[in-house]
Each structure stands twice: as C-alpha cells, then as structure tokens.
2 protein chains.
Amino acid sequence: MDTASGSGAPRSAGFVTPRTARFTDALRLRCGVVMSDYELVYETYGTLDAARSNAVLVCHALNASHHVAGRYERDPANVGWWDNMIGPGKPLDTDRFFVVGVNNLGGCHGSTGPMSVNPATGRPWGGDFPVVTVEDWVATQARLADHLGIERFAAVMGGSLGAMQALAWTYLNPGRVRHAVLIACAPNLSAQNIAFNEIARQAILTDPDFHGGHYGGHDTRPTRGLRVARMVGHITYLSDDVMAEKFGRQLRHGRPTYGFDTEFEIESYLRHQGGKFSEYFDANTYLRITRALDYYDPAFEHGGDLAAALAPARANFLVISFTTDWRFSPERSREIVKALLDNHGNVTYAEIDAPHGHDAFLLEDARYHRLVAAYFDRIAGERPEPRTNADERG
Amino acid sequence: MDTASGSGAPRSAGFVTPRTARFTDALRLRCGVVMSDYELVYETYGTLDAARSNAVLVCHALNASHHVAGRYERDPANVGWWDNMIGPGKPLDTDRFFVVGVNNLGGCHGSTGPMSVNPATGRPWGGDFPVVTVEDWVATQARLADHLGIERFAAVMGGSLGAMQALAWTYLNPGRVRHAVLIACAPNLSAQNIAFNEIARQAILTDPDFHGGHYGGHDTRPTRGLRVARMVGHITYLSDDVMAEKFGRQLRHGRPTYGFDTEFEIESYLRHQGGKFSEYFDANTYLRITRALDYYDPAFEHGGDLAAALAPARANFLVISFTTDWRFSPERSREIVKALLDNHGNVTYAEIDAPHGHDAFLLEDARYHRLVAAYFDRIAGERPEPRTNADERG
C-alpha cells in the first residue's frame, strides 16, 4: 500500500500494553447518576511531541475497545481492531502522531462497567450500572486527555458509533479538537436502526439467564440472547451484495437436508459470529451501547436543527461514507456535511464506492486508506495555533 | 374505490365458514416423509360456474391462513387477511369468481401440522413434523382442487411466499393454471433474506421452552423466541421510509428515561406485534414456513437457469412489485419476468410506486388494486379453451 506519509512501508505498532487511569472527581452522567470513582483502560501508540500537538483520539464503536493497534506480547494473535489503519507508516501514522485508544465507560474490556464493583454495595453493578451516553463518553475522554496532558487533539477520529463520539467532541469541547474524522457516521439513528437495536436488546432481556442484568450473581450469562443480538447486528454490517457474493445460496451439503441444522453458508457464518461474540462480550454492556446509539441525537435539544446543534464546532472535518452502507448510508453523512456547510465550516467529504456495506470502515480499501493518509499528512504539516481561552466552552 | 368490474360498490364476502377436506392417498414429501393421512382447512367465496372455469386459488404467505376474506359469525372481528382485495365488487370479484383459500400443510390454523396427532405415535407431531416445501404445498393444493372438482384454475394468486406457490403451480401443473398473479415475489431468497430467517429460527430454537419442538409435552411454548422472530420479520416488511414516517425517533415520554423499557414508538410497535403473534402462532410452523422460503429455488435443479425451470409453464402472468420493497425488491420480480420472456411467455409486469415496502401487497393502494381488478376483468371476459391431455404433466 502506498501512503502519503514519508515513513516507508507500513509496519505494526508492535507490542503494546494497556494502562489504567483512575478518576475520583465526581462525574454526573446524563441519566443523573453520579460516578464518584471510575477507571478507564487505554493504550497509546507513538510519541507525544514536545508541543503536545500531535495527539489523535480514536473512539471505538459497538464491540471494540482501547486495543486499536498492535498486539500483546502474551497474546500475539490479539491484534488491534484498527491495525490496518494505525501504525508506523499507516494512514494514521504513529511515527508522526501520538494515538490514544480508550475503552469507554460502561464497557467490558477493563474500564469501569457493569462487571465492575459498585462501591455503594460492594457487589458488581450488573443490571444497576447506569445507562451511559455518547456525551458521557466524551466527558470521560476529556478527563483522560487532561490526565495525559493533552490540551487539544490534532484529531478525534472514529467509525460508526466512534464517529458519533468524534462529532460530539467538536461541539462539546470545540477548543480541544483541531480535526474530526467521521467515518460511516450518522447524525442519529433512524427508526429502522433503532428497530434492529431493540430486537437485539429483547433477545437479551428475555433470555431466562439474564436475571434483570444480575446474571453474575446467578453464575450464568445470557449467551443465547447475546448470540441472537450479535447475529442481528451482522445483518446490518454487510451489504446485501457482499452477502450474496460471499455466501449466496450456497448449501453446506450441496443439497437440502430438510432440517434446522446449518444448511446454508450464511447460517454457518452468523452462527459462528454470534457464538464467538457471546463468549467474550458482556450483555449488560451490549444493552448500554445500543442505548447510547439510540439516544444520540445532537439536534434533539435544538428542535431538530442539526446546524444549530453543531454551531459551536470549530474543527475541520473529514467525513467519509461508503456507497453500499445501508446501516449509516451516505445520505446520513451528507446530513452532517450539509449542517456543517450551513455553519460555514471547513469540510472534506468523500463517498467511497465500496461493496462491503457498513463494515467497509474497518477494511483495507486502497482509496479509502489513501484519503485518510492524505488528510493526516495535511494535519502533520500544519503548525497549530496555540489554544486560547476563547476556545473554551467549559 | 373504482374497479373495472361491473358489480357496483365493493362489499364484504360476508360470513364465511371454513371446511375441512381429508386426504388418505399417501403423499411423499420432498424430504422423503410419506403423509398417509392429512387434512386441509379451506374456505371458498363466490360460486363455481357450470363450466368450472372461474376458480381462483389464493395462496398464503408466512403467517396467514385459509381465512382470506369475509368474517366469522361467531368472531366478527376476525376479518380475512386479504379482505380489501377479495369480495363482491372487489379487485378479485367474488360475484364473478369462485375463490379458494387454504391453510397449508404444516400450518397452525387447522390443517395438519405440528400440533396435529402423529398417527404413528398417537401424540402430537411437534418437532417431528416433516419440513415441507413450496412444491409439497402445490401438490396438496392440487389434491384439494381435485376434491373441489376444479380441473383448471382461472388463476392462482399470491403475495410473497404465496406468489412463490403460484409460480410453482405454473411449471408443476401447467395444464391446471390459466393465469398466475405473482405479487411481491422473488425466484428465491437472497443470502440476506435467509439471514433474517435464520435469526428468527435461532431465537426459537434456543428458547429454553422449545424442547426440540416438543414443548406441547412440557406444557409450555417458546413465546420469547417466537416474539423475537416476529420482530425480526417486521423489520423486513416495512420500508425504511415508512418506518421513519410512522415512528421516526418519537419518544413515548417526550424525553429519554435512560432505561430499557419502551422509549421509542418503534419499540412499542415491535413489542406489540411480537407479543400478539407469539400468543397465536405455533413456533414449529414458523420454523417450517421459513425453511420452505429458504429452500424455494426452482432454478436450483437447472444449474441456476430460471428460464429452464419455468419452461413447462403455459399460464399467462401478471407480476407486480413495489418500489420500496427491500425484502423482495422489484429487481427480483424482474428476474422472473425476464425468464418468462426468454421462454416467450405472456407476461404483464407492473412496478407500483408505493412507500410501504413489502407490506404494500396487503394494503389498499388504488393503482395496485385497479391493476388487479383490470386483470381479473380480462380473465372474466375470456372464453377458456377446454383442457386437453397434452397439457398434463403428471
């Protein structure tokens, strides 16, 4: 792959080690619950420059984590979820940028979440863990930035739900983001998007092993519900065309066997993906992340006026969508672009012709990666203005 | 509504009474199981003419039944599922046509199915009921036609899975169908269609109350799984646009309440539909009907050549699709039209610009209904040729 960076052939970010930051300043979540003490697990790649001007925050989507790039020495098969994008010589080049990945509050990869102990009871939060929002995540990520001594990010970047966080950063903390890179994004969920989430949640909530979210205390886990939930998700990640191309109507045994075991290759794929996910992911976290998606709607407080919601933003934007993404279609990205342009914002928008649907944002597509590389090359060439107090928004 | 028929304002088919036909000639199903004794429940509307030339068979889709039109005297709220289409003065005018509705084998509305007693064991079939196919249904419907003294149908008609049965009639019994009316049809399921079915099935199969399909013997029913299965189905019945228009992001309480109870109107709709369905529908039937959908693929035995599969057909065709139907999109109907034209068949094709998605076939759209009315008016005006032995195909 050729990149716009001068760092030569892309390499892995190498062995990385997650770290934990603890926060004891009380944080009031949107739902009203006050978190008095919580931890965030994060990883960093590359080196923060002397001016502290080259930091990039990468926000994760539904099922990912702080482990964005590289691998673990003790578990080398565990490669970061965006390793094709981030590393030395890669589109987001860790030879030039200091990249931060963080597991969001409420997650199940080490940050404080439903599996953590509730200090008020001494027992795991389970079903009592509060519902968190995109705005809550941005607030915690801002505290992590403080902790790391990062006053302003060169960029905040994400795909899907991660892009919603990057977008929220721009109007919640306008003085702290120079660029926002929004990939496969939407300004809110459609009714159909919510419907898919709701089915996933109902599969979990009605699993007899769910026990109101307190399955930990019953020595069980609602794996059946989580499995179906994940299968529902997978339908929305792939385009109809790529599903047809990858699986079509291919029968595992060449002919029908007239039963309910795996007949079609697509069934095998879904069962495999669902089964794998249900082994490692926490159902309470899944419920909360889908709710955060449902609730995200910056225009809501502005009578549906997205431009008004984004008015405080000062960042430059790169917005990328994929033609076959029917979960967050290009039309939804264009709503964001239009609102930014209405505000006379600085936006670069690209619609990548890719067959893979929503999943395209995680895949290695040459045009897509060249575009991101070129954009970060431009960021690297900038001499950022010092941040002034006028940028503050509390 | 104006119709092409001269029968005046449309009226209801009135009170109807289902009847039962019993068949004791052994029938070998595609799966190899021999049904030695089975019953079909059916309803008829209108009068069979002296020439027995005005009969129309209406095939049902996933969750419907023989109760196609009219209502029951003892349960007047129970209106037939296609009552807006079928009745005196309606597009399929029962003043002119003798209409037959039948509950398919394996169903749960009275025909022999998983809830019936297996003569081999004296207990309900439950999970042992064989997997039935579209072709099996056509075979049983042909026997019902014999029973009713109908040698040849003026038309066989259906929407969705019902249209697949109408299509199968044309090449399995070419001498017995003058017209086929295929609405919102596809020549087979796409990988994505199968994926939706598979998730529905997995929700049922993994419900702890399923007991391998023998829940009857455990005095329970897998209502949780069936509920999720139905919710999955509903996503595919509505277009994204109509979901946005009907439900949008409307919150039940005006603001988020940060929990997992019903927040959005779309959730309320899905929960209601799922709950209602799980009370009256049988899970074993649902599994089998989705499998029949998966398996239907006339081109399969012909190396993927749909025209070759349809070559025996002699019927005239009316094929109708709906622009916003993303379950069985117009493109899928055009595959059928193309194959029929390749065979020099007589086809009328219409793509109706309707916002409702797949559900449009059940709704009262003026252009759609006028088209069906005009087509049946043409059929009524025909003088059918007598059927010859050359039409037979065994």
# chains A, B, ... in the order shown; residues from 1 in each chain; ligands from 1
>>> interface_residues(of="chain A", to="chain B", cutoff="7 Å", atoms="only C-alpha atoms", output="PyMOL selection string")
chain A and resi 31+131+190-192+195+198-199+202-203+206+224+228+231-232+240+243-244+247-249+258-259+266-267
>>> residues_around(residues="stretch 339-355 of chain B", least_positions_apart="5", cutoff="8 Å", atoms="only C-alpha atoms", output="short mmCIF file (atom, residue, chain, number, x, y, z; two decimals) with all heavy atoms, in the first residue's frame")
data_model
loop_
_atom_site.label_atom_id
_atom_site.label_comp_id
_atom_site.auth_asym_id
_atom_site.auth_seq_id
_atom_site.Cartn_x
_atom_site.Cartn_y
_atom_site.Cartn_z
N SER B 239 -40.71 -0.51 4.75
CA SER B 239 -39.58 0.23 4.19
C SER B 239 -38.99 1.13 5.28
O SER B 239 -39.67 1.49 6.25
CB SER B 239 -40.03 1.08 3.01
OG SER B 239 -40.81 2.16 3.46
N ASP B 241 -38.29 4.17 4.91
CA ASP B 241 -39.01 5.45 4.84
C ASP B 241 -40.32 5.42 5.60
O ASP B 241 -40.67 6.35 6.31
CB ASP B 241 -39.30 5.82 3.38
CG ASP B 241 -38.07 6.41 2.70
OD1 ASP B 241 -37.06 6.63 3.41
OD2 ASP B 241 -38.12 6.64 1.49
N VAL B 242 -41.07 4.33 5.43
CA VAL B 242 -42.39 4.30 6.08
C VAL B 242 -42.21 4.14 7.59
O VAL B 242 -42.98 4.69 8.38
CB VAL B 242 -43.29 3.21 5.46
CG1 VAL B 242 -43.13 1.87 6.13
CG2 VAL B 242 -44.75 3.65 5.48
N LEU B 306 -33.12 -20.07 -14.49
CA LEU B 306 -34.53 -19.91 -14.12
C LEU B 306 -35.45 -20.14 -15.31
O LEU B 306 -36.53 -20.74 -15.18
CB LEU B 306 -34.75 -18.51 -13.52
CG LEU B 306 -36.15 -18.22 -12.99
CD1 LEU B 306 -36.54 -19.17 -11.85
CD2 LEU B 306 -36.26 -16.77 -12.50
N ALA B 307 -35.04 -19.68 -16.49
CA ALA B 307 -35.88 -19.87 -17.68
C ALA B 307 -36.10 -21.37 -17.93
O ALA B 307 -37.22 -21.80 -18.24
CB ALA B 307 -35.24 -19.20 -18.89
N LEU B 310 -38.69 -22.66 -15.56
CA LEU B 310 -40.06 -22.21 -15.83
C LEU B 310 -40.54 -22.64 -17.22
O LEU B 310 -41.68 -22.36 -17.59
CB LEU B 310 -40.14 -20.67 -15.71
CG LEU B 310 -39.65 -20.05 -14.40
CD1 LEU B 310 -39.93 -18.55 -14.38
CD2 LEU B 310 -40.29 -20.72 -13.19
N ALA B 311 -39.70 -23.33 -17.97
CA ALA B 311 -40.05 -23.69 -19.35
C ALA B 311 -41.39 -24.41 -19.48
O ALA B 311 -42.13 -24.15 -20.43
CB ALA B 311 -38.92 -24.50 -19.98
N ARG B 314 -47.34 -22.70 -18.91
CA ARG B 314 -48.19 -22.31 -20.04
C ARG B 314 -49.11 -21.14 -19.67
O ARG B 314 -49.84 -20.64 -20.51
CB ARG B 314 -49.08 -23.48 -20.48
CG ARG B 314 -48.34 -24.68 -21.02
CD ARG B 314 -47.81 -24.41 -22.43
NE ARG B 314 -46.83 -25.41 -22.82
CZ ARG B 314 -45.52 -25.29 -22.60
NH1 ARG B 314 -45.02 -24.21 -22.01
NH2 ARG B 314 -44.68 -26.23 -22.97
N ALA B 315 -49.07 -20.73 -18.41
CA ALA B 315 -50.01 -19.71 -17.93
C ALA B 315 -49.65 -18.33 -18.48
O ALA B 315 -48.54 -18.10 -18.97
CB ALA B 315 -49.98 -19.67 -16.40
N ASN B 316 -50.60 -17.43 -18.40
CA ASN B 316 -50.34 -16.00 -18.57
C ASN B 316 -50.00 -15.45 -17.19
O ASN B 316 -50.55 -15.91 -16.18
CB ASN B 316 -51.58 -15.30 -19.12
CG ASN B 316 -52.02 -15.93 -20.42
OD1 ASN B 316 -51.32 -15.88 -21.41
ND2 ASN B 316 -53.21 -16.54 -20.40
N PHE B 317 -49.15 -14.45 -17.18
CA PHE B 317 -48.67 -13.96 -15.88
C PHE B 317 -48.98 -12.48 -15.69
O PHE B 317 -48.80 -11.68 -16.61
CB PHE B 317 -47.15 -14.12 -15.78
CG PHE B 317 -46.70 -15.53 -15.55
CD1 PHE B 317 -46.61 -16.43 -16.62
CD2 PHE B 317 -46.39 -15.98 -14.28
CE1 PHE B 317 -46.20 -17.74 -16.41
CE2 PHE B 317 -45.98 -17.29 -14.07
CZ PHE B 317 -45.88 -18.17 -15.14
N LEU B 318 -49.41 -12.15 -14.47
CA LEU B 318 -49.37 -10.76 -14.00
C LEU B 318 -48.36 -10.74 -12.86
O LEU B 318 -48.52 -11.46 -11.87
CB LEU B 318 -50.75 -10.30 -13.50
CG LEU B 318 -50.77 -8.92 -12.82
CD1 LEU B 318 -50.33 -7.81 -13.78
CD2 LEU B 318 -52.15 -8.62 -12.25
N VAL B 319 -47.32 -9.94 -13.02
CA VAL B 319 -46.27 -9.84 -12.00
C VAL B 319 -46.27 -8.40 -11.49
O VAL B 319 -46.20 -7.46 -12.30
CB VAL B 319 -44.89 -10.21 -12.57
CG1 VAL B 319 -43.81 -10.10 -11.50
CG2 VAL B 319 -44.92 -11.63 -13.16
N ILE B 320 -46.38 -8.23 -10.19
CA ILE B 320 -46.43 -6.88 -9.61
C ILE B 320 -45.38 -6.78 -8.50
O ILE B 320 -45.27 -7.66 -7.64
CB ILE B 320 -47.82 -6.59 -9.00
CG1 ILE B 320 -48.90 -6.64 -10.09
CG2 ILE B 320 -47.84 -5.24 -8.29
CD1 ILE B 320 -50.33 -6.45 -9.56
N SER B 321 -44.61 -5.70 -8.55
CA SER B 321 -43.66 -5.44 -7.45
C SER B 321 -43.88 -4.02 -6.93
O SER B 321 -44.60 -3.23 -7.55
CB SER B 321 -42.22 -5.62 -7.94
OG SER B 321 -41.90 -4.59 -8.86
N PHE B 322 -43.25 -3.71 -5.81
CA PHE B 322 -43.41 -2.40 -5.19
C PHE B 322 -42.03 -1.75 -5.02
O PHE B 322 -41.09 -2.39 -4.52
CB PHE B 322 -44.12 -2.53 -3.85
CG PHE B 322 -45.49 -3.14 -3.98
CD1 PHE B 322 -45.67 -4.50 -3.79
CD2 PHE B 322 -46.58 -2.36 -4.35
CE1 PHE B 322 -46.92 -5.08 -3.95
CE2 PHE B 322 -47.83 -2.93 -4.52
CZ PHE B 322 -48.00 -4.30 -4.32
N THR B 323 -41.94 -0.49 -5.39
CA THR B 323 -40.64 0.19 -5.47
C THR B 323 -39.84 0.13 -4.16
O THR B 323 -38.62 0.03 -4.19
CB THR B 323 -40.81 1.67 -5.86
OG1 THR B 323 -41.84 2.24 -5.04
CG2 THR B 323 -41.19 1.81 -7.32
N THR B 324 -40.51 0.24 -3.02
CA THR B 324 -39.79 0.33 -1.75
C THR B 324 -39.68 -1.02 -1.02
O THR B 324 -39.28 -1.07 0.14
CB THR B 324 -40.48 1.34 -0.81
OG1 THR B 324 -41.84 0.92 -0.64
CG2 THR B 324 -40.42 2.74 -1.37
N PRO B 330 -38.13 -5.03 -6.56
CA PRO B 330 -38.54 -5.13 -7.96
C PRO B 330 -37.52 -5.90 -8.82
O PRO B 330 -37.90 -6.64 -9.72
CB PRO B 330 -38.65 -3.66 -8.39
CG PRO B 330 -39.03 -2.95 -7.13
CD PRO B 330 -38.29 -3.66 -6.04
N ALA B 360 -46.77 -3.61 1.26
CA ALA B 360 -47.67 -2.96 0.29
C ALA B 360 -48.61 -3.96 -0.35
O ALA B 360 -49.75 -3.61 -0.69
CB ALA B 360 -46.84 -2.25 -0.78
N ASP B 365 -53.90 0.07 -2.11
CA ASP B 365 -53.32 1.13 -2.92
C ASP B 365 -54.15 1.19 -4.20
O ASP B 365 -54.35 0.17 -4.87
CB ASP B 365 -51.85 0.80 -3.22
CG ASP B 365 -51.19 1.81 -4.15
OD1 ASP B 365 -51.44 1.75 -5.36
OD2 ASP B 365 -50.44 2.66 -3.64
N ARG B 367 -53.83 2.35 -7.29
CA ARG B 367 -53.30 1.92 -8.58
C ARG B 367 -53.10 0.40 -8.63
O ARG B 367 -53.37 -0.26 -9.63
CB ARG B 367 -51.96 2.63 -8.86
CG ARG B 367 -52.15 4.03 -9.40
CD ARG B 367 -50.83 4.73 -9.50
NE ARG B 367 -50.18 4.82 -8.19
CZ ARG B 367 -49.05 5.47 -7.95
NH1 ARG B 367 -48.43 6.07 -8.95
NH2 ARG B 367 -48.53 5.53 -6.75
N TYR B 368 -52.60 -0.11 -7.51
CA TYR B 368 -52.37 -1.55 -7.40
C TYR B 368 -53.69 -2.31 -7.55
O TYR B 368 -53.81 -3.25 -8.35
CB TYR B 368 -51.68 -1.79 -6.06
CG TYR B 368 -51.68 -3.17 -5.46
CD1 TYR B 368 -51.44 -4.30 -6.23
CD2 TYR B 368 -51.89 -3.34 -4.09
CE1 TYR B 368 -51.42 -5.57 -5.64
CE2 TYR B 368 -51.86 -4.58 -3.49
CZ TYR B 368 -51.64 -5.70 -4.28
OH TYR B 368 -51.61 -6.94 -3.69
#
>>> select_by_dssp(residues="stretch 82-263 of chain B", states="strand (DSSP E)", output="number ranges by chain")
B: 86-87, 92-93, 98-102, 117-118, 123-124, 153-159, 177-183
>>> write_last_selection(atoms="N, CA and C atoms", output="compact mmCIF listing (two decimals), in the first residue's frame")
# COMPACT_ATOMS: atom_id res chain seq x y z
N ILE B 86 -60.44 -9.07 -1.96
CA ILE B 86 -61.32 -10.16 -2.38
C ILE B 86 -62.71 -10.02 -1.76
N GLY B 87 -63.72 -9.98 -2.60
CA GLY B 87 -65.10 -9.86 -2.14
C GLY B 87 -65.97 -9.40 -3.29
N LEU B 92 -60.53 -8.79 -6.90
CA LEU B 92 -60.86 -10.19 -7.21
C LEU B 92 -62.30 -10.38 -6.76
N ASP B 93 -63.19 -10.29 -7.74
CA ASP B 93 -64.62 -10.09 -7.50
C ASP B 93 -65.31 -11.44 -7.30
N PHE B 98 -64.94 -17.82 -8.23
CA PHE B 98 -65.05 -18.74 -7.10
C PHE B 98 -63.65 -18.82 -6.48
N VAL B 99 -63.51 -18.22 -5.33
CA VAL B 99 -62.17 -18.07 -4.74
C VAL B 99 -61.96 -19.11 -3.64
N VAL B 100 -60.79 -19.73 -3.66
CA VAL B 100 -60.45 -20.76 -2.68
C VAL B 100 -59.25 -20.30 -1.86
N GLY B 101 -59.39 -20.30 -0.54
CA GLY B 101 -58.26 -20.07 0.36
C GLY B 101 -57.99 -21.35 1.13
N VAL B 102 -56.73 -21.69 1.33
CA VAL B 102 -56.41 -22.95 2.01
C VAL B 102 -55.26 -22.72 2.99
N VAL B 117 -52.02 -34.73 15.62
CA VAL B 117 -51.56 -36.01 16.16
C VAL B 117 -50.87 -36.81 15.07
N ASN B 118 -49.69 -37.28 15.41
CA ASN B 118 -48.93 -38.16 14.50
C ASN B 118 -49.54 -39.55 14.61
N ARG B 123 -49.38 -39.25 19.48
CA ARG B 123 -49.12 -37.99 20.17
C ARG B 123 -48.89 -36.89 19.13
N PRO B 124 -48.96 -35.61 19.53
CA PRO B 124 -48.74 -34.54 18.55
C PRO B 124 -47.37 -34.66 17.89
N PHE B 153 -57.60 -23.95 -12.73
CA PHE B 153 -57.89 -22.66 -12.11
C PHE B 153 -57.85 -21.56 -13.15
N ALA B 154 -58.80 -20.64 -13.06
CA ALA B 154 -58.72 -19.42 -13.88
C ALA B 154 -57.44 -18.68 -13.50
N ALA B 155 -57.12 -18.68 -12.20
CA ALA B 155 -55.89 -18.05 -11.74
C ALA B 155 -55.44 -18.67 -10.43
N VAL B 156 -54.14 -18.68 -10.24
CA VAL B 156 -53.56 -18.94 -8.92
C VAL B 156 -52.82 -17.67 -8.56
N MET B 157 -53.04 -17.21 -7.34
CA MET B 157 -52.60 -15.87 -6.97
C MET B 157 -52.00 -15.89 -5.57
N GLY B 158 -51.00 -15.05 -5.37
CA GLY B 158 -50.44 -14.93 -4.03
C GLY B 158 -49.47 -13.77 -3.96
N GLY B 159 -49.15 -13.36 -2.74
CA GLY B 159 -48.15 -12.34 -2.49
C GLY B 159 -47.01 -12.97 -1.69
N VAL B 177 -53.51 -24.23 -14.72
CA VAL B 177 -53.47 -22.81 -14.37
C VAL B 177 -53.57 -21.98 -15.64
N ARG B 178 -54.61 -21.15 -15.76
CA ARG B 178 -54.70 -20.25 -16.92
C ARG B 178 -53.89 -18.98 -16.68
N HIS B 179 -53.94 -18.47 -15.46
CA HIS B 179 -53.22 -17.23 -15.13
C HIS B 179 -52.53 -17.39 -13.78
N ALA B 180 -51.38 -16.76 -13.67
CA ALA B 180 -50.71 -16.70 -12.37
C ALA B 180 -50.52 -15.23 -12.02
N VAL B 181 -50.92 -14.87 -10.81
CA VAL B 181 -50.78 -13.48 -10.36
C VAL B 181 -49.76 -13.50 -9.22
N LEU B 182 -48.56 -12.96 -9.52
CA LEU B 182 -47.45 -13.01 -8.57
C LEU B 182 -47.19 -11.61 -8.05
N ILE B 183 -47.38 -11.41 -6.77
CA ILE B 183 -47.24 -10.08 -6.19
C ILE B 183 -46.12 -10.09 -5.15
>>> residues_around(residues="B:Ser116", least_positions_apart="5", cutoff="12 Å", atoms="only C-alpha atoms", output="PyMOL selection string")
chain B and resi 37-40+105-111+121-129+216+282+284-285
>>> residues_around(residues="stretch 326-328 of chain B", least_positions_apart="6", cutoff="8 Å", atoms="only C-alpha atoms", output="ChimeraX atom specification")
/B:160,184-186,193,236-237,239,357-358
>>> atom_distance(atom1="atom CA of A:Gly381", atom2="atom CA of A:Asp49")
13.8 Å
>>> select_by_dssp(residues="stretch 126-367 of chain B", states="alpha helix (DSSP H)", output="ChimeraX atom specification")
/B:134-147,161-172,191-205,223-237,240-246,265-280,283-295,306-310,330-342,366-367
>>> residues_around(residues="A:Ala283", least_positions_apart="2", cutoff="8 Å", atoms="only C-alpha atoms", output="PDB file with C-alpha atoms, in the first residue's frame")
ATOM      1  CA  ILE A 204     -31.003 -10.398  25.719  1.00  0.00           C
ATOM      2  CA  GLY A 213     -28.823  -7.990  34.453  1.00  0.00           C
ATOM      3  CA  ARG A 221     -24.682 -15.444  31.371  1.00  0.00           C
ATOM      4  CA  PRO A 222     -27.405 -14.745  28.799  1.00  0.00           C
ATOM      5  CA  THR A 223     -25.329 -16.183  25.957  1.00  0.00           C
ATOM      6  CA  LEU A 226     -26.340 -12.192  23.172  1.00  0.00           C
ATOM      7  CA  PHE A 281     -18.814  -9.837  25.329  1.00  0.00           C
ATOM      8  CA  THR A 285     -22.525  -3.597  28.104  1.00  0.00           C
ATOM      9  CA  TYR A 286     -24.219  -4.528  24.833  1.00  0.00           C
ATOM     10  CA  LEU A 287     -27.547  -3.227  26.112  1.00  0.00           C
TER      11      LEU A 287
END
>>> closest_residue(among="B:Val33, B:Leu371, B:Val16, B:Val337", to="B:Val68", atoms="only C-alpha atoms")
B:Val16
>>> atom_distance(atom1="atom CA of B:Ala64", atom2="atom CA of B:Gly274")
15.1 Å
>>> atom_distance(atom1="atom CA of A:Thr47", atom2="atom CA of A:Leu144")
16.4 Å
>>> residues_around(residues="A:Leu172", least_positions_apart="5", cutoff="12 Å", atoms="only C-alpha atoms", output="number ranges by chain")
A: 134-139, 141-142, 165-167, 177, 298, 309-315, 391-394
